[in-house]
Each structure stands twice: as C-alpha cells, then as structure tokens.
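Visitor: So that you have it, the file is my_file.pdb, and it contains PDB, C-alpha atoms:
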ATOM      1  CA  MET D  17     -82.505 -63.238 -49.350
ATOM      2  CA  THR D  18     -83.572 -66.492 -51.004
ATOM      3  CA  PRO D  19     -83.828 -67.180 -54.757
ATOM      4  CA  MET D  20     -87.619 -67.451 -54.336
ATOM      5  CA  ILE D  21     -87.873 -63.943 -52.916
ATOM      6  CA  LEU D  22     -85.627 -62.533 -55.651
ATOM      7  CA  THR D  23     -87.822 -64.232 -58.243
ATOM      8  CA  LEU D  24     -90.974 -62.824 -56.660
ATOM      9  CA  MET D  25     -89.429 -59.339 -56.626
ATOM     10  CA  LEU D  26     -88.557 -59.639 -60.317
ATOM     11  CA  LEU D  27     -92.044 -60.876 -61.209
ATOM     12  CA  ALA D  28     -93.580 -58.020 -59.219
ATOM     13  CA  TYR D  29     -91.459 -55.506 -61.137
ATOM     14  CA  LEU D  30     -92.407 -57.039 -64.499
ATOM     15  CA  LEU D  31     -96.120 -57.004 -63.636
ATOM     16  CA  GLY D  32     -95.798 -53.422 -62.460
ATOM     17  CA  SER D  33     -94.145 -52.539 -65.766
ATOM     18  CA  ILE D  34     -97.372 -53.186 -67.690
ATOM     19  CA  SER D  35     -98.783 -49.690 -68.256
ATOM     20  CA  SER D  36    -102.543 -50.077 -68.148
ATOM     21  CA  ALA D  37    -103.052 -46.374 -68.860
ATOM     22  CA  VAL D  38    -101.267 -46.655 -72.196
ATOM     23  CA  LEU D  39    -102.877 -49.972 -73.187
ATOM     24  CA  ILE D  40    -106.420 -48.989 -72.208
ATOM     25  CA  SER D  41    -106.039 -45.628 -73.932
ATOM     26  CA  LYS D  42    -105.088 -47.488 -77.112
ATOM     27  CA  LEU D  43    -108.046 -49.838 -76.672
ATOM     28  CA  PHE D  44    -110.458 -46.901 -76.358
ATOM     29  CA  ARG D  45    -108.650 -44.930 -79.096
ATOM     30  CA  LEU D  46    -107.730 -42.167 -76.690
ATOM     31  CA  PRO D  47    -104.632 -39.960 -76.803
ATOM     32  CA  ASP D  48    -101.455 -41.376 -75.303
ATOM     33  CA  PRO D  49    -101.553 -40.303 -71.626
ATOM     34  CA  ARG D  50     -97.783 -39.866 -71.683
ATOM     35  CA  THR D  51     -98.098 -36.996 -74.157
ATOM     36  CA  THR D  52    -101.532 -35.575 -73.304
ATOM     37  CA  GLY D  53    -102.935 -33.654 -70.351
ATOM     38  CA  SER D  54    -100.547 -33.989 -67.417
ATOM     39  CA  ASN D  55     -98.355 -36.461 -69.375
ATOM     40  CA  ASN D  56     -98.764 -38.889 -66.481
ATOM     41  CA  PRO D  57     -99.862 -42.450 -67.401
ATOM     42  CA  GLY D  58    -102.330 -42.896 -64.567
ATOM     43  CA  ALA D  59    -106.042 -43.068 -63.860
ATOM     44  CA  THR D  60    -106.445 -39.342 -63.118
ATOM     45  CA  ASN D  61    -105.038 -38.294 -66.475
ATOM     46  CA  VAL D  62    -107.094 -40.941 -68.316
ATOM     47  CA  LEU D  63    -110.181 -39.600 -66.511
ATOM     48  CA  ARG D  64    -109.486 -36.201 -68.035
ATOM     49  CA  THR D  65    -108.798 -37.500 -71.539
ATOM     50  CA  GLY D  66    -111.269 -40.379 -71.801
ATOM     51  CA  GLY D  67    -113.872 -40.313 -69.046
ATOM     52  CA  LYS D  68    -114.911 -42.548 -66.207
ATOM     53  CA  LEU D  69    -114.934 -46.043 -67.739
ATOM     54  CA  PRO D  70    -111.348 -46.062 -69.108
ATOM     55  CA  ALA D  71    -110.132 -44.389 -65.911
ATOM     56  CA  ALA D  72    -111.887 -46.991 -63.753
ATOM     57  CA  LEU D  73    -110.286 -49.805 -65.746
ATOM     58  CA  VAL D  74    -106.848 -48.215 -65.373
ATOM     59  CA  LEU D  75    -107.405 -47.806 -61.636
ATOM     60  CA  LEU D  76    -108.511 -51.424 -61.233
ATOM     61  CA  PHE D  77    -105.592 -52.863 -63.172
ATOM     62  CA  ASP D  78    -103.052 -50.657 -61.400
ATOM     63  CA  ILE D  79    -104.393 -51.789 -58.017
ATOM     64  CA  LEU D  80    -104.178 -55.432 -59.076
ATOM     65  CA  LYS D  81    -100.546 -54.941 -60.115
ATOM     66  CA  GLY D  82     -99.801 -54.367 -56.449
ATOM     67  CA  THR D  83    -102.257 -56.802 -54.911
ATOM     68  CA  ILE D  84    -101.450 -59.921 -56.949
ATOM     69  CA  PRO D  85     -97.695 -60.193 -56.217
ATOM     70  CA  VAL D  86     -98.023 -59.277 -52.533
ATOM     71  CA  TRP D  87    -101.016 -61.488 -51.870
ATOM     72  CA  GLY D  88     -99.456 -64.367 -53.755
ATOM     73  CA  SER D  89     -96.211 -63.963 -51.813
ATOM     74  CA  TYR D  90     -98.130 -63.846 -48.535
ATOM     75  CA  PHE D  91     -99.635 -67.268 -49.248
ATOM     76  CA  LEU D  92     -96.142 -68.570 -50.001
ATOM     77  CA  GLY D  93     -95.149 -67.669 -46.445
ATOM     78  CA  VAL D  94     -92.973 -64.641 -47.233
ATOM     79  CA  GLU D  95     -92.164 -62.520 -44.158
ATOM     80  CA  PRO D  96     -93.589 -58.973 -43.793
ATOM     81  CA  PHE D  97     -90.304 -57.164 -44.530
ATOM     82  CA  TYR D  98     -89.846 -59.007 -47.814
ATOM     83  CA  LEU D  99     -93.506 -58.502 -48.681
ATOM     84  CA  GLY D 100     -92.706 -54.802 -48.443
ATOM     85  CA  LEU D 101     -89.784 -55.205 -50.839
ATOM     86  CA  ILE D 102     -91.999 -57.104 -53.282
ATOM     87  CA  GLY D 103     -94.583 -54.330 -53.069
ATOM     88  CA  ILE D 104     -91.886 -51.723 -53.708
ATOM     89  CA  CYS D 105     -90.756 -53.676 -56.776
ATOM     90  CA  ALA D 106     -94.308 -53.600 -58.152
ATOM     91  CA  CYS D 107     -94.423 -49.838 -57.606
ATOM     92  CA  LEU D 108     -90.983 -49.365 -59.175
ATOM     93  CA  GLY D 109     -92.252 -51.265 -62.204
ATOM     94  CA  HIS D 110     -95.108 -48.794 -62.500
ATOM     95  CA  ILE D 111     -92.793 -45.804 -62.037
ATOM     96  CA  TYR D 112     -90.010 -47.135 -64.301
ATOM     97  CA  PRO D 113     -91.743 -49.612 -66.644
ATOM     98  CA  LEU D 114     -89.396 -51.905 -68.537
ATOM     99  CA  PHE D 115     -91.833 -52.243 -71.448
ATOM    100  CA  PHE D 116     -92.583 -48.517 -71.833
ATOM    101  CA  GLY D 117     -89.221 -46.767 -71.897
ATOM    102  CA  PHE D 118     -88.907 -46.541 -68.104
ATOM    103  CA  LYS D 119     -91.345 -43.594 -68.096
ATOM    104  CA  GLY D 120     -94.296 -44.370 -65.854
ATOM    105  CA  GLY D 121     -96.718 -42.912 -63.358
ATOM    106  CA  LYS D 122     -96.805 -42.095 -59.656
ATOM    107  CA  ALA D 123     -97.785 -45.638 -58.481
ATOM    108  CA  VAL D 124    -100.437 -44.470 -56.019
ATOM    109  CA  ALA D 125    -103.011 -47.084 -57.047
ATOM    110  CA  THR D 126    -100.341 -49.794 -57.199
ATOM    111  CA  ALA D 127     -99.155 -48.879 -53.701
ATOM    112  CA  LEU D 128    -102.745 -49.082 -52.472
ATOM    113  CA  GLY D 129    -102.984 -52.510 -54.063
ATOM    114  CA  THR D 130     -99.900 -53.703 -52.213
ATOM    115  CA  MET D 131    -101.467 -52.658 -48.887
ATOM    116  CA  MET D 132    -104.891 -54.198 -49.494
ATOM    117  CA  PRO D 133    -103.872 -57.740 -48.451
ATOM    118  CA  ILE D 134    -103.191 -56.398 -44.945
ATOM    119  CA  GLY D 135    -106.943 -56.167 -44.430
ATOM    120  CA  LEU D 136    -110.223 -54.601 -45.480
ATOM    121  CA  ASP D 137    -110.122 -52.274 -42.485
ATOM    122  CA  LEU D 138    -106.882 -50.684 -43.689
ATOM    123  CA  THR D 139    -108.177 -50.555 -47.252
ATOM    124  CA  GLY D 140    -111.343 -48.794 -46.104
ATOM    125  CA  LEU D 141    -109.412 -46.223 -44.090
ATOM    126  CA  LEU D 142    -107.084 -45.483 -46.993
ATOM    127  CA  LEU D 143    -109.909 -45.123 -49.508
ATOM    128  CA  ALA D 144    -111.912 -42.936 -47.122
ATOM    129  CA  SER D 145    -108.887 -40.694 -46.541
ATOM    130  CA  TRP D 146    -108.218 -40.333 -50.255
ATOM    131  CA  VAL D 147    -111.845 -39.598 -51.146
ATOM    132  CA  LEU D 148    -112.239 -37.102 -48.295
ATOM    133  CA  VAL D 149    -109.139 -35.083 -49.166
ATOM    134  CA  LEU D 150    -109.950 -35.172 -52.875
ATOM    135  CA  ALA D 151    -113.537 -34.057 -52.291
ATOM    136  CA  ILE D 152    -112.449 -31.175 -50.062
ATOM    137  CA  THR D 153    -109.478 -29.907 -52.062
ATOM    138  CA  GLY D 154    -109.814 -31.279 -55.595
ATOM    139  CA  TYR D 155    -106.107 -32.125 -55.608
ATOM    140  CA  SER D 156    -105.450 -35.752 -56.555
ATOM    141  CA  SER D 157    -101.788 -35.386 -55.629
ATOM    142  CA  LEU D 158    -102.540 -33.982 -52.179
ATOM    143  CA  ALA D 159    -105.049 -36.769 -51.556
ATOM    144  CA  ALA D 160    -102.388 -39.322 -52.466
ATOM    145  CA  ILE D 161     -99.682 -37.707 -50.331
ATOM    146  CA  ILE D 162    -101.877 -37.434 -47.239
ATOM    147  CA  THR D 163    -103.267 -40.950 -47.679
ATOM    148  CA  VAL D 164     -99.890 -42.661 -47.980
ATOM    149  CA  GLY D 165     -98.626 -40.500 -45.125
ATOM    150  CA  LEU D 166    -101.393 -41.836 -42.913
ATOM    151  CA  ALA D 167    -100.946 -45.432 -44.091
ATOM    152  CA  PRO D 168     -98.138 -46.373 -41.632
ATOM    153  CA  VAL D 169    -100.141 -44.865 -38.749
ATOM    154  CA  PHE D 170    -103.254 -46.850 -39.650
ATOM    155  CA  THR D 171    -101.161 -49.992 -40.096
ATOM    156  CA  TRP D 172     -99.565 -49.576 -36.671
ATOM    157  CA  PHE D 173    -102.989 -49.789 -35.024
ATOM    158  CA  ILE D 174    -104.304 -52.594 -37.252
ATOM    159  CA  LYS D 175    -101.355 -54.962 -37.876
ATOM    160  CA  PRO D 176     -98.150 -53.486 -36.402
ATOM    161  CA  MET D 177     -95.847 -56.103 -37.955
ATOM    162  CA  TYR D 178     -96.508 -54.544 -41.378
ATOM    163  CA  THR D 179     -95.714 -50.962 -40.322
ATOM    164  CA  LEU D 180     -92.136 -50.967 -41.647
ATOM    165  CA  PRO D 181     -93.031 -52.339 -45.112
ATOM    166  CA  VAL D 182     -95.890 -49.836 -45.407
ATOM    167  CA  LEU D 183     -93.599 -47.006 -44.287
ATOM    168  CA  MET D 184     -91.109 -47.926 -47.016
ATOM    169  CA  LEU D 185     -93.866 -47.838 -49.627
ATOM    170  CA  SER D 186     -95.180 -44.529 -48.304
ATOM    171  CA  LEU D 187     -91.762 -42.880 -48.493
ATOM    172  CA  LEU D 188     -91.362 -44.065 -52.090
ATOM    173  CA  ILE D 189     -94.715 -42.606 -53.158
ATOM    174  CA  ILE D 190     -94.133 -39.305 -51.343
ATOM    175  CA  ALA D 191     -90.686 -38.982 -52.943
ATOM    176  CA  ARG D 192     -92.296 -39.623 -56.333
ATOM    177  CA  HIS D 193     -94.587 -36.647 -55.690
ATOM    178  CA  HIS D 194     -91.795 -34.148 -54.980
ATOM    179  CA  GLN D 195     -92.740 -32.008 -57.978
ATOM    180  CA  ASN D 196     -96.395 -32.019 -56.917
ATOM    181  CA  ILE D 197     -95.397 -30.938 -53.420
ATOM    182  CA  ALA D 198     -93.443 -28.017 -54.879
ATOM    183  CA  ARG D 199     -96.434 -26.968 -57.032
ATOM    184  CA  LEU D 200     -98.808 -27.274 -54.086
ATOM    185  CA  LEU D 201     -96.567 -24.970 -52.068
ATOM    186  CA  ARG D 202     -96.473 -22.499 -54.964
ATOM    187  CA  GLY D 203    -100.243 -22.714 -55.399
ATOM    188  CA  ASN D 204    -100.205 -23.774 -59.060
ATOM    189  CA  GLU D 205    -101.081 -27.480 -58.788
ATOM    190  CA  SER D 206    -103.985 -28.588 -60.987
ATOM    191  CA  ARG D 207    -107.251 -29.999 -59.678
ATOM    192  CA  VAL D 208    -108.746 -33.256 -60.878
ATOM    193  CA  TRP D 209    -111.602 -31.584 -62.772
ATOM    194  CA  ASP D 210    -109.316 -29.256 -64.734
ATOM    195  CA  LYS D 211    -109.222 -29.921 -68.483
ATOM    196  CA  ASP D 212    -106.342 -27.705 -69.596
ATOM    197  CA  LYS D 213    -103.908 -29.645 -71.759
ATOM    198  CA  ASN D 214    -100.930 -27.999 -70.104
ATOM    199  CA  LEU D 215    -101.812 -29.471 -66.728
ATOM    200  CA  LYS D 216     -99.319 -31.081 -64.432
ATOM    201  CA  GLU D 217    -100.209 -33.973 -62.175
TER     202      GLU D 217
END
Output the structure of this file as structure tokens.
Guide:
Amino acid sequence: MTPMILTLMLLAYLLGSISSAVLISKLFRLPDPRTTGSNNPGATNVLRTGGKLPAALVLLFDILKGTIPVWGSYFLGVEPFYLGLIGICACLGHIYPLFFGFKGGKAVATALGTMMPIGLDLTGLLLASWVLVLAITGYSSLAAIITVGLAPVFTWFIKPMYTLPVLMLSLLIIARHHQNIARLLRGNESRVWDKDKNLKE
C-alpha cells in the first residue's frame, strides 16, 4: 500500500467525519438528531424532525462524502480494490466521526455515494431498489439492507472488477444495521413516516 493510498484513505475518513445532519440541523435551528427522534444523525431522522429541505441537504452532502474521495481517487489511477478501501474509510468516518465524538449514523447515503462513480446504471438500479422497498414497506432500514445486499449482484453484471470493493462496503453497512435487523425480526421497527420521539432507526 503506497503513501498516496494511505493519504487518500485518511482524507476520505476525515471527510466522512463531517456530520451534515448535525451541522444542517444547527443551521435550521432544529433539535440535535443525535438526541432526538431515533437518535441517528442521518437524513431519515432529520426528515422527521425538520422536514424535506433539511433532509434533502443532509442526503446530498452525505452522498458527496462518498463520491468525492472515490471519484477523485479513480482519476488518480487507484486500483478497484483500493478504491473500495477508500470508500470504506469514508463510511467509517460517517459511522465513527472524529469531529463528533465517534458517534455517527448508518452510512447508507455515503455508501451509495462511493458506488456512484461506477456508473449511472448502477446508481439508477440502487435508487430504484431503495425507493421500491421503502414505498412498499415504509421501513428505511429494510430498504437500505436490501439495496446494499443487491449492490454486489448489480455490480457483477455491470462492471465485475468492482464487485469485491462493493461487497466489502455492503457487508459493512449490513453489519451496521444489526440492531435494525433484530427489530425487523421482532416486528417493532419504526417506519419512515412515524413521528414518535422514542423511535429507533
């Protein structure tokens, strides 16, 4: 592993560590998403506490946290496996943010952002999968789990050389949702339109 790749991994982690949910909530004078609603600093929780515009801004920034380091590294000639590691570092920054007490979100949007440079066809399939599952079930967590589970399969048919990096990212995001999986199995997971302040996400 070269010094350049290590530097890119570090920069990806630092960019991922910027919690847009917390910053945008402060900008819009909304409650801290880490202590309100599901206590998860992500777009879904901000949607519940502040509405569509702040949530859309959080979603956009979180996607860019994944896209910028991976896309930039791609143009520097970094190989697919190391692009996957850089993407994982961006997601780890979101999950364990250096600047916010190492307490972050689930990194779904950031993971999506890391996969977007692979191509618009993959991006479209992932977005369609997420929207479809969310519309049918109302469970943001289930939509995320199914979407990232399908991501390596889609990638295999579109650009097979990126299957392993995408698989690594998918396993990270699914592992991050272990509590959601347990609640889904118990039947007490919250839906995206729920407003109860004791929600879990």
Visitor: Go through D:Thr23, D:Thr126, D:Thr52, D:Ser157 one by one, measure the shortest atom-to-atom distance of each to Ser36 in chain D using all atoms listed in the file, and give the residue with the smallest value.
Guide: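 Nearest to Ser36 in chain D: D:Thr126.
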Visitor: Evaluated on this file, the PyMOL selection byres ((chain D and resi 115) around 10) picks out some residues - which ones are they, written as a list in words?
Guide: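 Checking the PyMOL selection byres ((chain D and resi 115) around 10) against this file, the residues are Leu30, Gly32, Ser33, Ile34, Ser35, Gly109, Tyr112, Pro113, Leu114, Phe116, Gly117, Phe118, Lys119 and Gly120 of chain D.
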Visitor: Name the residues captured by the PyMOL selection byres ((chain D and resi 39) around 12) when it is applied to the shown file; answer as a PyMOL selection string.
Guide: chain D and resi 33-38+40-50+57-58+62+70-71+73-74+77-78+115-116
Visitor: Selection in question (the file shown): the PyMOL selection byres ((chain D and resi 193) around 12). Which residues does it include, as a PyMOL selection string?
Guide: chain D and resi 56+111+121-124+156-162+164-165+186-192+194-200+205+216-217
Visitor: If the box runs along x, y and z of the file and leaves 6 Å on each side of range 34-41 of chain D, what are its centre and edge lengths in Å, one decimal, as JSON?
Guide:
{"center_x": -101.9, "center_y": -49.4, "center_z": -70.8, "size_x": 21.0, "size_y": 19.6, "size_z": 18.2}
Visitor: Quick one, how far is CA of Ala125 in chain D from CA of Ala72 in chain D?
Guide: 11.1 Å
Visitor: With a distance cut-off of 7 Å and all atoms listed in the file, select the neighbouring residues of range 96-102 of chain D, excluding the residue or stretch itself and same-chain residues fewer than 5 positions from it, and output the selection as a PDB file with C-alpha atoms, in the coordinates of the input.
Guide:
ATOM      1  CA  LEU D  24     -90.974 -62.824 -56.660  1.00  0.00           C
ATOM      2  CA  MET D  25     -89.429 -59.339 -56.626  1.00  0.00           C
ATOM      3  CA  ALA D  28     -93.580 -58.020 -59.219  1.00  0.00           C
ATOM      4  CA  VAL D  86     -98.023 -59.277 -52.533  1.00  0.00           C
ATOM      5  CA  SER D  89     -96.211 -63.963 -51.813  1.00  0.00           C
ATOM      6  CA  MET D 177     -95.847 -56.103 -37.955  1.00  0.00           C
ATOM      7  CA  TYR D 178     -96.508 -54.544 -41.378  1.00  0.00           C
ATOM      8  CA  PRO D 181     -93.031 -52.339 -45.112  1.00  0.00           C
ATOM      9  CA  VAL D 182     -95.890 -49.836 -45.407  1.00  0.00           C
TER      10      VAL D 182
END
Visitor: Enter the distance from CA of Ile174 in chain D to CA of Val94 in chain D, in Å, rounded to one decimal.
Guide: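 Between CA of Ile174 in chain D and CA of Val94 in chain D the gap is 19.3 Å.
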Visitor: Got a sec to write range 178-189 of chain D of the block to a file, all heavy atoms, as a CSV table (one decimal), in the first residue's frame?
Guide:
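Once written, decode_16.csv looks like this:
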chain,number,residue,atom,x,y,z
D,178,TYR,N,-15.4,-4.4,-10.0
D,178,TYR,CA,-15.7,-3.6,-8.8
D,178,TYR,C,-16.5,-4.4,-7.8
D,178,TYR,O,-16.9,-3.9,-6.8
D,178,TYR,CB,-16.4,-2.3,-9.1
D,178,TYR,CG,-15.5,-1.3,-9.8
D,178,TYR,CD1,-15.6,-1.1,-11.2
D,178,TYR,CD2,-14.5,-0.6,-9.2
D,178,TYR,CE1,-14.8,-0.2,-11.9
D,178,TYR,CE2,-13.7,0.3,-9.8
D,178,TYR,CZ,-13.8,0.5,-11.2
D,178,TYR,OH,-13.0,1.3,-11.8
D,179,THR,N,-16.8,-5.7,-8.1
D,179,THR,CA,-17.7,-6.5,-7.2
D,179,THR,C,-17.1,-6.6,-5.8
D,179,THR,O,-17.8,-6.5,-4.8
D,179,THR,CB,-17.9,-7.9,-7.9
D,179,THR,OG1,-18.5,-7.7,-9.2
D,179,THR,CG2,-18.9,-8.7,-7.0
D,180,LEU,N,-15.8,-7.0,-5.7
D,180,LEU,CA,-15.2,-7.2,-4.4
D,180,LEU,C,-15.3,-5.9,-3.5
D,180,LEU,O,-15.7,-5.9,-2.4
D,180,LEU,CB,-13.8,-7.7,-4.5
D,180,LEU,CG,-13.1,-7.9,-3.2
D,180,LEU,CD1,-13.8,-8.9,-2.3
D,180,LEU,CD2,-11.6,-8.4,-3.4
D,181,PRO,N,-14.9,-4.7,-4.1
D,181,PRO,CA,-15.0,-3.5,-3.3
D,181,PRO,C,-16.4,-3.2,-2.8
D,181,PRO,O,-16.7,-2.8,-1.7
D,181,PRO,CB,-14.5,-2.4,-4.2
D,181,PRO,CG,-13.6,-3.1,-5.2
D,181,PRO,CD,-14.2,-4.5,-5.3
D,182,VAL,N,-17.4,-3.4,-3.7
D,182,VAL,CA,-18.8,-3.1,-3.4
D,182,VAL,C,-19.3,-4.1,-2.4
D,182,VAL,O,-20.0,-3.8,-1.4
D,182,VAL,CB,-19.7,-3.2,-4.7
D,182,VAL,CG1,-21.1,-3.2,-4.3
D,182,VAL,CG2,-19.3,-2.0,-5.6
D,183,LEU,N,-18.8,-5.4,-2.5
D,183,LEU,CA,-19.2,-6.4,-1.5
D,183,LEU,C,-18.7,-6.0,-0.1
D,183,LEU,O,-19.4,-6.1,0.9
D,183,LEU,CB,-18.7,-7.8,-1.9
D,183,LEU,CG,-18.9,-8.9,-0.9
D,183,LEU,CD1,-20.4,-9.2,-0.7
D,183,LEU,CD2,-18.2,-10.2,-1.4
D,184,MET,N,-17.5,-5.5,0.0
D,184,MET,CA,-16.9,-5.1,1.3
D,184,MET,C,-17.8,-3.9,1.9
D,184,MET,O,-18.1,-4.0,3.1
D,184,MET,CB,-15.5,-4.6,1.1
D,184,MET,CG,-14.5,-5.7,0.7
D,184,MET,SD,-12.8,-5.2,0.8
D,184,MET,CE,-12.7,-3.9,-0.5
D,185,LEU,N,-18.1,-3.0,1.1
D,185,LEU,CA,-19.0,-1.9,1.5
D,185,LEU,C,-20.3,-2.4,2.0
D,185,LEU,O,-20.9,-2.0,3.0
D,185,LEU,CB,-19.2,-0.9,0.4
D,185,LEU,CG,-18.0,0.1,0.2
D,185,LEU,CD1,-18.2,0.8,-1.2
D,185,LEU,CD2,-18.0,1.2,1.3
D,186,SER,N,-20.9,-3.3,1.2
D,186,SER,CA,-22.2,-3.9,1.6
D,186,SER,C,-22.2,-4.6,2.9
D,186,SER,O,-23.1,-4.4,3.7
D,186,SER,CB,-22.7,-4.8,0.5
D,186,SER,OG,-22.9,-4.1,-0.8
D,187,LEU,N,-21.2,-5.4,3.1
D,187,LEU,CA,-21.1,-6.1,4.4
D,187,LEU,C,-21.0,-5.1,5.6
D,187,LEU,O,-21.5,-5.3,6.7
D,187,LEU,CB,-19.9,-7.0,4.4
D,187,LEU,CG,-20.0,-8.2,3.4
D,187,LEU,CD1,-18.7,-9.0,3.4
D,187,LEU,CD2,-21.2,-9.1,3.8
D,188,LEU,N,-20.2,-4.0,5.4
D,188,LEU,CA,-20.1,-3.0,6.4
D,188,LEU,C,-21.4,-2.4,6.8
D,188,LEU,O,-21.8,-2.3,8.0
D,188,LEU,CB,-19.1,-1.9,6.0
D,188,LEU,CG,-19.0,-0.7,6.9
D,188,LEU,CD1,-18.4,-1.1,8.3
D,188,LEU,CD2,-18.1,0.4,6.3
D,189,ILE,N,-22.2,-2.0,5.8
D,189,ILE,CA,-23.5,-1.4,6.0
D,189,ILE,C,-24.5,-2.3,6.6
D,189,ILE,O,-25.2,-2.0,7.5
D,189,ILE,CB,-24.0,-0.8,4.7
D,189,ILE,CG1,-23.1,0.2,4.1
D,189,ILE,CG2,-25.4,-0.1,5.0
D,189,ILE,CD1,-22.6,1.3,5.0
